[in-house]
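**Student:** Structure file run_36.pdb (PDB, C-alpha atoms) right here:
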MODEL        1
ATOM      1  CA  MET A   1     -12.780 -31.262  16.530  1.00  0.00           C
ATOM      2  CA  PRO A   2     -10.469 -28.481  17.763  1.00  0.00           C
ATOM      3  CA  SER A   3     -10.914 -26.636  14.460  1.00  0.00           C
ATOM      4  CA  LEU A   4     -14.695 -26.720  14.964  1.00  0.00           C
ATOM      5  CA  LEU A   5     -14.337 -25.279  18.453  1.00  0.00           C
ATOM      6  CA  ARG A   6     -11.979 -22.588  17.160  1.00  0.00           C
ATOM      7  CA  PHE A   7     -14.463 -21.710  14.417  1.00  0.00           C
ATOM      8  CA  LEU A   8     -17.337 -21.513  16.912  1.00  0.00           C
ATOM      9  CA  ALA A   9     -15.214 -19.357  19.222  1.00  0.00           C
ATOM     10  CA  VAL A  10     -14.452 -16.928  16.378  1.00  0.00           C
ATOM     11  CA  VAL A  11     -18.120 -16.770  15.384  1.00  0.00           C
ATOM     12  CA  ALA A  12     -19.083 -16.167  19.021  1.00  0.00           C
ATOM     13  CA  LEU A  13     -16.541 -13.331  19.294  1.00  0.00           C
ATOM     14  CA  ILE A  14     -17.831 -11.699  16.114  1.00  0.00           C
ATOM     15  CA  CYS A  15     -21.405 -11.932  17.403  1.00  0.00           C
ATOM     16  CA  ALA A  16     -20.329 -10.490  20.759  1.00  0.00           C
ATOM     17  CA  PHE A  17     -18.657  -7.503  19.048  1.00  0.00           C
ATOM     18  CA  ILE A  18     -21.744  -6.857  16.915  1.00  0.00           C
ATOM     19  CA  TYR A  19     -24.044  -7.131  19.943  1.00  0.00           C
ATOM     20  CA  GLY A  20     -21.784  -4.836  21.960  1.00  0.00           C
ATOM     21  CA  GLY A  21     -21.757  -2.268  19.167  1.00  0.00           C
ATOM     22  CA  LEU A  22     -25.538  -2.305  18.875  1.00  0.00           C
ATOM     23  CA  TYR A  23     -25.864  -1.997  22.658  1.00  0.00           C
ATOM     24  CA  ALA A  24     -23.482   0.959  22.686  1.00  0.00           C
ATOM     25  CA  LEU A  25     -25.359   2.697  19.866  1.00  0.00           C
ATOM     26  CA  ALA A  26     -28.714   2.136  21.537  1.00  0.00           C
ATOM     27  CA  HIS A  27     -27.672   3.356  24.989  1.00  0.00           C
ATOM     28  CA  PHE A  28     -25.013   6.009  24.461  1.00  0.00           C
ATOM     29  CA  VAL A  29     -26.032   7.830  21.252  1.00  0.00           C
ATOM     30  CA  GLN A  30     -28.965  10.220  21.458  1.00  0.00           C
ATOM     31  CA  PRO A  31     -30.557  11.316  18.165  1.00  0.00           C
ATOM     32  CA  LYS A  32     -31.150  15.019  17.624  1.00  0.00           C
ATOM     33  CA  PRO A  33     -34.875  15.695  17.171  1.00  0.00           C
ATOM     34  CA  ARG A  34     -35.816  17.984  14.291  1.00  0.00           C
ATOM     35  CA  GLU A  35     -38.906  18.971  12.387  1.00  0.00           C
ATOM     36  CA  ILE A  36     -39.570  17.560   8.958  1.00  0.00           C
ATOM     37  CA  SER A  37     -42.084  19.025   6.538  1.00  0.00           C
ATOM     38  CA  VAL A  38     -42.911  17.282   3.284  1.00  0.00           C
ATOM     39  CA  THR A  39     -45.166  18.734   0.629  1.00  0.00           C
ATOM     40  CA  ILE A  40     -47.510  16.240  -1.020  1.00  0.00           C
ATOM     41  CA  PRO A  41     -49.059  17.087  -4.380  1.00  0.00           C
ATOM     42  CA  PRO A  42     -52.894  17.178  -4.306  1.00  0.00           C
ATOM     43  CA  ASP A  43     -53.220  14.536  -7.034  1.00  0.00           C
ATOM     44  CA  LYS A  44     -51.848  11.918  -4.625  1.00  0.00           C
ATOM     45  CA  PHE A  45     -55.007  12.230  -2.521  1.00  0.00           C
ATOM     46  CA  PHE A  46     -57.440  11.232  -5.274  1.00  0.00           C
ATOM     47  CA  LYS A  47     -57.683   7.988  -7.192  1.00  0.00           C
ATOM     48  CA  ASN A  48     -57.516   8.147 -10.965  1.00  0.00           C
ATOM     49  CA  ARG A  49     -60.809   6.965 -12.484  1.00  0.00           C
TER      50      ARG A  49
ENDMDL
END
Could I get this file's structure written as structure tokens?

**Tutor:**
Amino acid sequence: MPSLLRFLAVVALICAFIYGGLYALAHFVQPKPREISVTIPPDKFFKNR
């Protein structure tokens, strides 16, 4: 039983690190807004019959 508890503790620590990293990325990193322009060929607008 102690090995099961040790395993669960390690899994819980790994999950806590992942959750902490995602929290840090979501709250402390601000993306830089930029404009994106994509040209679409006219044949993509019409169905082939």

**Student:** Could you please determine the separation between atom CA of A:Leu22 and atom CA of A:Leu5 in Å, to one decimal place?

**Tutor:**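 So the two atoms, atom CA of A:Leu22 and atom CA of A:Leu5, lie 25.6 Å apart.
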
**Student:** Mind giving me the straight-line distance from atom CA of A:Leu8 to atom CA of A:Leu25 in Å, one decimal?

**Tutor:** 25.7 Å

**Student:** To one decimal place in Å, what is the distance between atom CA of A:Gly20 and atom CA of A:Arg34?

**Tutor:** 27.9 Å
